[in-house]
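Participant: For reference, the file entry.cif (mmCIF, C-alpha atoms) is included below:
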data_data
loop_
_atom_site.label_atom_id
_atom_site.label_comp_id
_atom_site.auth_asym_id
_atom_site.auth_seq_id
_atom_site.Cartn_x
_atom_site.Cartn_y
_atom_site.Cartn_z
CA PRO A 1 15.53 1.52 6.67
CA PHE A 2 18.37 -0.90 6.04
CA ALA A 3 18.76 -0.12 2.33
CA GLU A 4 22.16 1.51 2.86
CA ASP A 5 23.51 -1.14 5.24
CA GLU A 6 25.95 -3.08 3.07
CA GLY A 7 26.36 -5.74 5.72
CA TYR A 8 22.68 -6.56 5.66
CA SER A 9 22.39 -9.27 3.04
CA LEU A 10 19.26 -10.38 1.25
CA THR A 11 19.83 -13.89 2.58
CA LYS A 12 19.82 -12.60 6.14
CA ARG A 13 16.66 -10.65 5.41
CA GLU A 14 14.94 -13.74 4.08
CA LYS A 15 15.82 -15.62 7.28
CA GLU A 16 14.52 -12.79 9.47
CA THR A 17 11.38 -12.52 7.37
CA ARG A 18 10.62 -16.21 7.79
CA GLU A 19 11.39 -16.14 11.51
CA GLY A 20 9.26 -13.03 11.97
CA PHE A 21 6.40 -14.58 10.06
CA GLU A 22 6.46 -17.70 12.20
CA ALA A 23 6.65 -15.63 15.38
CA ASN A 24 3.73 -13.39 14.43
CA TYR A 25 1.54 -15.40 12.09
CA SER A 26 1.84 -19.07 13.03
CA GLU A 27 -1.51 -20.79 13.51
CA SER A 28 -1.27 -20.89 17.30
CA VAL A 29 -0.13 -17.27 17.60
CA VAL A 30 -2.94 -16.02 15.37
CA GLU A 31 -5.56 -18.06 17.21
CA ASN A 32 -4.39 -16.78 20.60
CA ARG A 33 -4.46 -13.23 19.26
CA LYS A 34 -8.01 -13.68 18.01
CA LYS A 35 -9.16 -15.03 21.39
CA LYS A 36 -7.61 -12.05 23.16
CA LEU A 37 -9.24 -9.60 20.76
CA ARG A 38 -12.65 -11.23 21.11
CA ALA A 39 -12.39 -11.02 24.91
CA GLU A 40 -11.33 -7.37 24.79
CA ARG A 41 -14.14 -6.53 22.37
CA GLU A 42 -16.76 -8.18 24.54
CA ALA A 43 -15.48 -6.37 27.63
CA SER A 44 -15.36 -2.91 26.01
CA PRO A 45 -18.43 -0.62 25.77
CA LYS A 46 -20.14 -0.33 22.41
CA LYS A 47 -19.35 2.80 20.44
CA GLU A 48 -22.06 4.87 18.79
CA SER A 49 -19.70 5.93 16.01
CA VAL A 50 -16.02 5.91 15.14
CA SER A 51 -13.77 8.33 13.30
CA PRO A 52 -10.60 7.36 11.40
CA ASN A 53 -8.43 8.80 14.17
CA GLN A 54 -10.18 6.61 16.76
CA LEU A 55 -9.98 3.48 14.68
CA SER A 56 -7.94 0.44 15.70
CA MET A 57 -6.77 -1.94 13.01
CA PHE A 58 -8.24 -4.71 15.17
CA GLY A 59 -11.91 -3.77 15.37
CA ASN A 60 -15.39 -4.46 14.16
CA VAL A 61 -15.47 -5.17 10.41
CA ALA A 62 -18.26 -2.65 9.81
CA GLU A 63 -16.40 0.08 11.72
CA VAL A 64 -13.15 -0.56 9.84
CA SER A 65 -14.98 -0.59 6.50
CA SER A 66 -16.81 2.64 7.30
CA ALA A 67 -13.60 4.44 8.26
CA LEU A 68 -11.83 3.24 5.11
CA SER A 69 -14.78 4.40 3.00
CA SER A 70 -14.41 7.90 4.43
CA LEU A 71 -10.74 7.84 3.44
CA GLU A 72 -11.72 6.77 -0.08
CA GLU A 73 -14.07 9.76 -0.28
CA LYS A 74 -11.26 12.01 0.97
CA ALA A 75 -9.57 11.59 -2.42
CA ASN A 76 -12.35 13.74 -3.94
CA ASP A 77 -10.97 16.72 -1.99
CA PHE A 78 -7.70 16.64 -3.95
CA GLU A 79 -6.39 16.83 -7.48
CA GLU A 80 -3.01 15.71 -8.78
CA VAL A 81 -0.81 18.33 -10.44
CA GLU A 82 2.36 17.58 -12.41
CA ASP A 83 5.25 19.78 -11.37
CA THR A 84 7.98 18.45 -13.65
CA PRO A 85 8.03 15.28 -15.82
CA GLY A 86 7.53 12.35 -13.47
CA VAL A 87 7.07 14.55 -10.38
CA SER A 88 3.57 15.45 -9.24
CA TYR A 89 1.89 16.55 -6.04
CA TYR A 90 -1.62 16.75 -4.60
CA VAL A 91 -3.42 20.03 -3.99
CA GLY A 92 -6.66 20.55 -2.09
CA LYS A 93 -9.64 21.64 -4.17
CA LYS A 94 -11.58 24.83 -3.54
CA GLY A 95 -14.39 24.50 -1.05
CA THR A 96 -12.68 21.66 0.85
CA PRO A 97 -10.86 21.74 4.22
CA TYR A 98 -7.61 21.36 2.26
CA ALA A 99 -8.21 24.16 -0.29
CA GLY A 100 -4.92 25.35 -1.79
CA MET A 101 -2.79 23.09 0.41
CA LYS A 102 -0.04 21.15 -1.37
CA PHE A 103 0.91 17.63 -0.31
CA GLU A 104 4.05 15.85 -1.47
CA ARG A 105 3.30 12.60 -3.27
CA GLN A 106 4.39 9.59 -1.23
CA THR A 107 6.54 7.99 -3.93
CA ASN A 108 8.39 11.25 -4.57
CA ALA A 109 8.94 11.85 -0.85
CA THR A 110 10.40 8.36 -0.43
CA SER A 111 12.73 8.85 -3.39
CA ARG A 112 13.83 12.23 -2.08
CA VAL A 113 14.63 10.87 1.39
CA LEU A 114 16.61 7.99 -0.13
CA GLY A 115 18.60 10.41 -2.28
CA ARG A 116 17.24 9.18 -5.59
CA GLU A 117 16.72 11.48 -8.54
CA LEU A 118 13.15 12.71 -8.87
CA GLY A 119 11.46 12.82 -12.22
CA VAL A 120 11.44 10.00 -14.74
CA GLN A 121 10.15 9.77 -18.27
CA PRO A 122 7.24 7.36 -18.70
CA ASN A 123 8.32 3.98 -20.02
CA ALA A 124 6.72 0.69 -21.03
CA GLY A 125 7.18 -0.82 -17.57
CA GLN A 126 5.37 2.04 -15.88
CA PHE A 127 2.54 1.79 -18.40
CA ILE A 128 2.15 -1.93 -17.75
CA GLY A 129 2.19 -1.33 -14.00
CA THR A 130 -0.57 1.25 -14.29
CA ARG A 131 -2.68 -1.13 -16.38
CA VAL A 132 -2.17 -3.91 -13.83
CA ASP A 133 -3.36 -1.56 -11.08
CA MET A 134 -6.46 -0.73 -13.11
CA VAL A 135 -7.31 -4.38 -13.76
CA ALA A 136 -6.74 -5.37 -10.14
CA ARG A 137 -8.85 -2.55 -8.74
CA ASP A 138 -11.72 -3.34 -11.12
CA VAL A 139 -11.56 -7.04 -10.24
CA PHE A 140 -11.63 -6.47 -6.49
CA ASP A 141 -14.33 -3.81 -6.86
CA GLY A 142 -16.47 -6.07 -9.05
CA THR A 143 -16.69 -3.47 -11.83
CA LEU A 144 -14.51 -5.05 -14.54
CA THR A 145 -15.70 -4.15 -18.05
CA ARG A 146 -14.16 -6.72 -20.34
CA ASN A 147 -14.25 -4.64 -23.53
CA GLU A 148 -11.91 -2.08 -21.93
CA TYR A 149 -8.96 -4.50 -21.67
CA THR A 150 -6.71 -6.57 -23.92
CA ALA A 151 -6.81 -10.37 -24.09
CA GLU A 152 -3.65 -10.60 -21.96
CA GLU A 153 -5.10 -8.27 -19.34
CA LEU A 154 -8.35 -10.24 -19.23
CA ASP A 155 -6.40 -13.48 -18.75
CA PHE A 156 -4.70 -11.84 -15.77
CA ALA A 157 -8.09 -10.62 -14.51
CA ASP A 158 -9.54 -14.14 -14.63
CA LYS A 159 -6.64 -15.49 -12.57
CA LEU A 160 -6.96 -12.63 -10.11
CA GLN A 161 -10.68 -13.31 -9.77
CA LYS A 162 -9.90 -16.81 -8.48
CA PHE A 163 -7.46 -15.27 -6.01
CA LYS A 164 -10.16 -12.86 -4.84
CA GLN A 165 -12.73 -15.65 -4.53
CA TYR A 166 -10.39 -17.68 -2.35
CA PHE A 167 -10.01 -14.83 0.15
CA GLU A 168 -13.71 -14.00 0.08
CA GLU A 169 -14.36 -17.58 1.15
CA GLN A 170 -12.07 -16.89 4.13
CA GLY A 171 -14.23 -13.91 5.11
CA TYR A 172 -12.23 -11.08 3.55
CA THR A 173 -13.77 -7.88 2.16
CA PHE A 174 -11.96 -5.31 0.03
CA HIS A 175 -11.49 -1.57 -0.46
CA PRO A 176 -9.83 -1.28 -3.89
CA LYS A 177 -10.75 2.17 -5.15
CA GLY A 178 -8.11 4.32 -3.56
CA VAL A 179 -7.90 4.77 0.21
CA PHE A 180 -6.33 8.25 0.35
CA LEU A 181 -3.95 8.96 3.22
CA THR A 182 -2.42 12.25 4.35
CA ALA A 183 -0.13 13.38 7.15
CA MET A 184 1.06 16.87 8.05
CA TYR A 185 4.74 17.82 8.24
CA ASN A 186 5.90 19.66 11.36
CA GLU A 187 7.23 23.18 10.84
CA ASP A 188 10.92 22.23 10.91
CA TYR A 189 10.55 19.41 8.43
CA ARG A 190 8.25 21.48 6.24
CA ALA A 191 11.01 24.10 5.96
CA LYS A 192 13.57 21.39 5.14
CA VAL A 193 11.38 19.95 2.38
CA GLN A 194 10.74 23.42 0.94
CA LYS A 195 14.49 24.02 0.75
CA GLU A 196 15.04 20.69 -1.02
CA THR A 197 12.09 20.83 -3.42
CA GLY A 198 11.25 24.50 -3.85
CA GLN A 199 7.65 23.65 -2.97
CA ASP A 200 5.75 24.58 0.19
CA TYR A 201 4.31 21.15 0.95
CA MET A 202 2.07 21.02 4.00
CA GLY A 203 2.52 17.28 4.28
CA ILE A 204 2.63 13.96 2.48
CA ALA A 205 -0.15 12.02 0.74
CA GLY A 206 -0.62 8.72 -1.05
CA THR A 207 -3.21 6.29 -2.30
CA LEU A 208 -3.30 2.61 -1.35
CA ASP A 209 -3.87 0.12 -4.15
CA LEU A 210 -5.99 -2.18 -2.02
CA VAL A 211 -6.96 -2.70 1.62
CA ALA A 212 -8.29 -6.11 2.61
CA ILE A 213 -10.25 -6.61 5.83
CA ASP A 214 -10.30 -10.08 7.33
CA ALA A 215 -13.13 -11.66 9.31
CA GLU A 216 -11.68 -10.35 12.59
CA GLY A 217 -11.66 -6.73 11.39
CA GLN A 218 -7.92 -6.52 10.81
CA ALA A 219 -6.88 -4.36 7.85
CA HIS A 220 -4.14 -5.54 5.47
CA ILE A 221 -2.42 -3.05 3.14
CA VAL A 222 -1.77 -4.48 -0.33
CA ASP A 223 0.39 -2.80 -2.97
CA PHE A 224 0.67 -4.23 -6.48
CA LYS A 225 4.16 -4.48 -7.96
CA THR A 226 5.25 -5.46 -11.46
CA TYR A 227 8.53 -6.12 -13.20
CA GLY A 228 9.65 -8.00 -16.27
CA LEU A 229 10.96 -11.54 -16.30
CA ASN A 230 13.15 -11.90 -19.37
CA SER A 231 13.70 -15.66 -19.10
CA PRO A 232 11.21 -18.55 -19.34
CA MET A 233 12.80 -19.98 -16.17
CA ALA A 234 12.74 -16.70 -14.23
CA LEU A 235 9.35 -17.28 -12.67
CA GLU A 236 10.40 -20.68 -11.34
CA TYR A 237 13.31 -19.06 -9.54
CA LEU A 238 11.53 -15.85 -8.58
CA SER A 239 12.05 -16.38 -4.84
CA ASP A 240 15.79 -16.89 -5.33
CA ASN A 241 15.98 -13.79 -7.52
CA ILE A 242 14.37 -11.66 -4.85
CA PHE A 243 15.77 -13.05 -1.61
CA LYS A 244 19.15 -14.52 -2.56
CA GLY A 245 20.89 -11.69 -4.35
CA GLY A 246 19.53 -12.28 -7.87
CA LYS A 247 19.27 -9.45 -10.38
CA TYR A 248 15.78 -8.51 -9.17
CA GLY A 249 16.73 -8.43 -5.49
CA ALA A 250 17.57 -4.73 -5.44
CA ARG A 251 13.92 -3.91 -6.12
CA ILE A 252 13.04 -5.14 -2.64
CA ASN A 253 14.92 -2.24 -1.01
CA GLY A 254 12.76 0.36 -2.70
CA TRP A 255 9.55 -1.57 -2.14
CA THR A 256 10.34 -2.09 1.56
CA ASN A 257 10.90 1.60 2.19
CA GLN A 258 7.77 2.54 0.26
CA GLN A 259 5.64 0.15 2.28
CA SER A 260 7.15 1.45 5.51
CA VAL A 261 5.94 4.94 4.57
CA TYR A 262 2.48 3.61 3.73
CA LYS A 263 2.37 1.92 7.14
CA LEU A 264 3.23 5.19 8.89
CA LEU A 265 0.63 7.04 6.81
CA ALA A 266 -1.98 4.44 7.71
CA GLU A 267 -1.18 4.87 11.39
CA ALA A 268 -1.42 8.67 11.05
CA ASN A 269 -4.93 8.16 9.67
CA GLY A 270 -6.01 5.92 12.53
CA ILE A 271 -5.29 2.52 10.99
CA SER A 272 -2.85 1.10 13.53
CA ASN A 273 -1.95 -2.22 15.10
#
Can you turn what I pasted into C-alpha cells?
Facilitator:
Amino acid sequence: PFAEDEGYSLTKREKETREGFEANYSESVVENRKKKLRAEREASPKKESVSPNQLSMFGNVAEVSSALSSLEEKANDFEEVEDTPGVSYYVGKKGTPYAGMKFERQTNATSRVLGRELGVQPNAGQFIGTRVDMVARDVFDGTLTRNEYTAEELDFADKLQKFKQYFEEQGYTFHPKGVFLTAMYNEDYRAKVQKETGQDYMGIAGTLDLVAIDAEGQAHIVDFKTYGLNSPMALEYLSDNIFKGGKYGARINGWTNQQSVYKLLAEANGISN
C-alpha cells in the first residue's frame, strides 16, 4: 500500500515493524490474548460443524484444520491455463461449481494493480524458487523423496526439517499442499479488469505455500521467497540489505503487497482475525 510513497523509507518501516511486533506479539500481550480466547471458547456453545465462511482464525485446532483441508481440496476444481508467456489464469473444471469460470491469478492481479508489466520469460531465479517451494512443501508434508532432488536441495531440506521439528515441538501443525483461495469481483470491478486484460475474470485466486496452525488454533500464512546473494558477506548483512535501503530492499515492496492480497483472500474464505 505504501510502495509509491517516496517519503516512506525502509528505515521507518523497520521501526514500525518492530514497534508493531512488540505491541502485538510480546509475551505478555500474547498470553493475555490466549486467556481471553480460552474464556470466550469456554463460554460459547459447541458447534456441530463449521464451514470455511464461518471459521475464525482463532478457533479449535481441529476445526481450523478441517476448513483448511476443504480449501486444499478446492484446488481440484480448477486447472491453470497459460494465456501469454508468464501470464496464466485458473479456470473451473467441468462438473464443478466453478465450471468454465475464469479467475485471475493472484500474482498477475497484484502486478496489474501496481502497474507492472505482465508476462515474463522463465529464468534461473524463477526455476530455483519453484524448486524451493517443492522441497519445502514435501518437507512439511512429510513426503520428501530424496532421489527426486539434488544434493544442494537435500541439504536445504535437512535444515528445513530441523526448523519444522522446532515448531512441531511448540504444538504447530501444517497444511503445505496448496490451500486454494478464491474471491469474486463485483460487477464494476469485473468490467474494469476485462477492459484492462481482455479476459472476463469472475474473480481472483491463489494458492498459499504453507499454512501453520499453532496450539491455540491460530492460522499463520507462510510464503516462501528466494533471491540470490552474490557476496559471501551478503547473508551476514541480510537484515541491513532488506530494511536499510540495501540493493535487495526494493523486493520488500512487492512481497508486502502480495502478502496483503493473500491476507484479504484468506479473510474472504473465512480465515480472519
Participant: Which one is closest to Ala266 of chain A: A:Ala67, A:Ala109, A:Ala62, A:Ala39? Count only C-alpha atoms.
Facilitator: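 The closest residue to Ala266 of chain A is A:Ala67.
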Participant: Out of A:Lys102, A:Lys94, A:Arg112, A:Lys36, which residue has the shortest atom-to-atom distance to Ala183 of chain A when counting all atoms listed in the file?
Facilitator: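 Among the listed residues, A:Lys102 lies closest to Ala183 of chain A.
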Participant: Counting all atoms listed in the file, which residue out of A:Arg116, A:Arg137, A:Gly217, A:Gly206 sits closest to Leu181 of chain A?
Facilitator: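 Closest candidate: A:Gly206.
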Participant: Find the spatial neighbours of Asp141 of chain A, counting only C-alpha atoms, within a cut-off of 10 Å - ignore same-chain residues fewer than 5 positions away - and output them as a ChimeraX atom specification.
Facilitator: /A:135-136,173-177,210
Participant: Grab the residues selected above and save them as a tab-separated table (two decimals), in the coordinates of the input with C-alpha atoms.
Facilitator:
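Here's the written file out-v7.tsv:
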chain	number	residue	atom	x	y	z
A	135	VAL	CA	-7.31	-4.38	-13.76
A	136	ALA	CA	-6.74	-5.37	-10.14
A	173	THR	CA	-13.77	-7.88	2.16
A	174	PHE	CA	-11.96	-5.31	0.03
A	175	HIS	CA	-11.49	-1.57	-0.46
A	176	PRO	CA	-9.83	-1.28	-3.89
A	177	LYS	CA	-10.75	2.17	-5.15
A	210	LEU	CA	-5.99	-2.18	-2.02
Participant: Assuming the chain letters and numbering stay as they are in my file, what does the PyMOL selection byres ((chain A and resi 259-264) around 9) actually select? List them as a list in words.
Facilitator: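 Given this file, the PyMOL selection byres ((chain A and resi 259-264) around 9) evaluates to Pro1, Gln106, Thr110, Leu181, Gly206, Thr207, Leu208, Ile221, Asp223, Gly254, Trp255, Thr256, Asn257, Gln258, Leu265, Ala266, Glu267, Ala268, Asn269, Ile271 and Ser272 of chain A.
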Participant: Hey, can you check how far atom CA of Val91 of chain A sits from atom CA of Phe78 of chain A?
Facilitator: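 Between atom CA of Val91 of chain A and atom CA of Phe78 of chain A the gap is 5.5 Å.
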Participant: Find the residues near Met101 of chain A: any atom within 9 Å, counting all atoms listed in the file, skip ones fewer than 4 places away on the same chain, and give them as an MDAnalysis selection string.
Facilitator: chainID A and resid 90:93 200:203
Participant: Could you tell me which residues the PyMOL selection byres ((chain A and resi 83) around 12) returns for this structure, as a list in words?
Facilitator: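 The output of the PyMOL selection byres ((chain A and resi 83) around 12) on this file is Glu80, Val81, Glu82, Thr84, Pro85, Gly86, Val87, Ser88, Tyr89, Tyr90, Val91, Lys102, Glu104, Arg105, Asn108, Leu118, Gly119, Thr197, Gly198 and Gln199 of chain A.
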Participant: Determine the residue set returned by the PyMOL selection byres ((chain A and resi 172) around 6) for the present structure, and present it as a list in words.
Facilitator: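 With the PyMOL selection byres ((chain A and resi 172) around 6) on this model, the match is Phe167, Glu168, Gln170, Gly171, Thr173, Ile213, Asp214 and Ala215 of chain A.
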Participant: Can you tell me how far atom CA of Gln161 of chain A sits from atom CA of Ser65 of chain A, in Å to one decimal?
Facilitator: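 So the answer is 21.1 Å.
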Participant: Just how far from atom CA of Val211 of chain A is atom CA of Thr182 of chain A, in Å to one decimal?
Facilitator: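 Between atom CA of Thr182 of chain A and atom CA of Val211 of chain A the gap works out to 15.9 Å.
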Participant: Can you pull out the residues contacting Asn76 of chain A? Cut-off 10 Å, using all atoms listed in the file, and skip same-chain residues under 3 positions away; I want them as a PyMOL selection string.
Facilitator: chain A and resi 71-73+79+92-93+96+180
Participant: Would you write out those residues with C-alpha atoms, as a short mmCIF file (atom, residue, chain, number, x, y, z; two decimals), keeping the file's coordinate frame?
Facilitator:
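Okay, again-v1.cif is ready:
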data_model
loop_
_atom_site.label_atom_id
_atom_site.label_comp_id
_atom_site.auth_asym_id
_atom_site.auth_seq_id
_atom_site.Cartn_x
_atom_site.Cartn_y
_atom_site.Cartn_z
CA LEU A 71 -10.74 7.84 3.44
CA GLU A 72 -11.72 6.77 -0.08
CA GLU A 73 -14.07 9.76 -0.28
CA GLU A 79 -6.39 16.83 -7.48
CA GLY A 92 -6.66 20.55 -2.09
CA LYS A 93 -9.64 21.64 -4.17
CA THR A 96 -12.68 21.66 0.85
CA PHE A 180 -6.33 8.25 0.35
#
Participant: List as a list of chain:residue names the protein and nucleic acid residues near Glu153 of chain A, meaning an atom at most 12 Å away when all atoms listed in the file are counted, but skip any in the same chain fewer than 6 places from it.
Facilitator: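 These residues fall inside the cut-off: A:Ile128, A:Gly129, A:Thr130, A:Arg131, A:Val132, A:Asp133, A:Met134, A:Val135, A:Ala136, A:Asp138, A:Val139, A:Leu144, A:Thr145, A:Arg146, A:Asn147, A:Lys159, A:Leu160.
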